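> Handing you a structure now.
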Amino acid sequence: MHEPVASYMEFRRPVVSESCASGWYYIIPADNYNVSLNVRGGLGESKNIISYAKGCYDNSIWYYG
């Protein structure tokens with residue numbers, strides 16, 4: 001397993017989204033609490049994962065079952 005080599009490769013433990021549906025989470029980069037992982041262009045195949053401002057978007061909240 002590869003170890004992170006830069007802050008943009010490190011992430012905080014998923015946190016409950018403040019104003020979104022219960023049971024959903026943000027994945028927050030270690031170096032910026034104001035953004036979260038986001039599926040650029042919406043959900044679907046062959047999409048890029050980017051950092052984007054946190055919000056109640058389907059493509060920026062995640063579920064852990």
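Each chain in the structure tokens gets a letter, A, B, ..., in the order shown, and its residues are numbered from 1; ligands are numbered from 1 in order too.
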Within 6 Å of region 45-58 of chain A, counting only C-alpha atoms, which residues qualify if same-chain residues fewer than 3 places away don't, as JSON, numbers by chain?

{"A": [20, 35, 36, 37, 38, 39, 40, 61]}

> Keeping N, CA and C atoms, export the residues of the selection given above as a compact mmCIF listing (two decimals), in the first residue's frame.


```
# COMPACT_ATOMS: atom_id res chain seq x y z
N CYS A 20 -27.53 18.12 5.17
CA CYS A 20 -28.05 17.17 4.19
C CYS A 20 -28.73 16.00 4.89
N VAL A 35 -13.93 22.26 1.53
CA VAL A 35 -14.27 21.51 0.32
C VAL A 35 -14.46 20.05 0.66
N SER A 36 -15.02 19.30 -0.28
CA SER A 36 -15.19 17.86 -0.10
C SER A 36 -14.97 17.18 -1.45
N LEU A 37 -14.84 15.85 -1.41
CA LEU A 37 -14.74 15.12 -2.67
C LEU A 37 -16.05 15.24 -3.41
N ASN A 38 -15.96 15.40 -4.72
CA ASN A 38 -17.13 15.65 -5.55
C ASN A 38 -16.94 14.91 -6.88
N VAL A 39 -18.01 14.32 -7.39
CA VAL A 39 -17.96 13.68 -8.70
C VAL A 39 -18.30 14.73 -9.74
N ARG A 40 -17.27 15.18 -10.46
CA ARG A 40 -17.48 16.26 -11.43
C ARG A 40 -18.45 15.83 -12.53
N ILE A 61 -22.00 14.13 -1.52
CA ILE A 61 -22.28 13.45 -0.26
C ILE A 61 -22.23 11.94 -0.51
```

> Pick the closest to Ala30 (chain A) from A:Trp62, A:Leu43, A:Val16, A:Phe11: which is it, counting only C-alpha atoms?

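The shortest atom-to-atom distance to Ala30 (chain A) comes from A:Phe11.
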
> If you run DSSP over the backbone, which residues in chain A end up strand (DSSP E or B)? Put them as a list in words.

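Filtering chain A to strand (DSSP E or B) leaves Phe11, Val15, Val16, Trp24, Tyr25, Tyr26, Pro29, Val35, Ser36, Leu37, Asn38, Val39, Ile49, Ile50, Ser51, Tyr52, Ala53, Trp62 and Tyr63 of chain A.
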
> For CA of Gly44 (chain A) and CA of Asn32 (chain A), determine how far apart the two atoms are, in Å to one decimal place.

25.9 Å

> So the first atom is CA of Pro29 (chain A) and the second is CA of Ser60 (chain A); what is the distance between them in Å, to one decimal place?

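Separation of CA of Pro29 (chain A) and CA of Ser60 (chain A): 12.6 Å.
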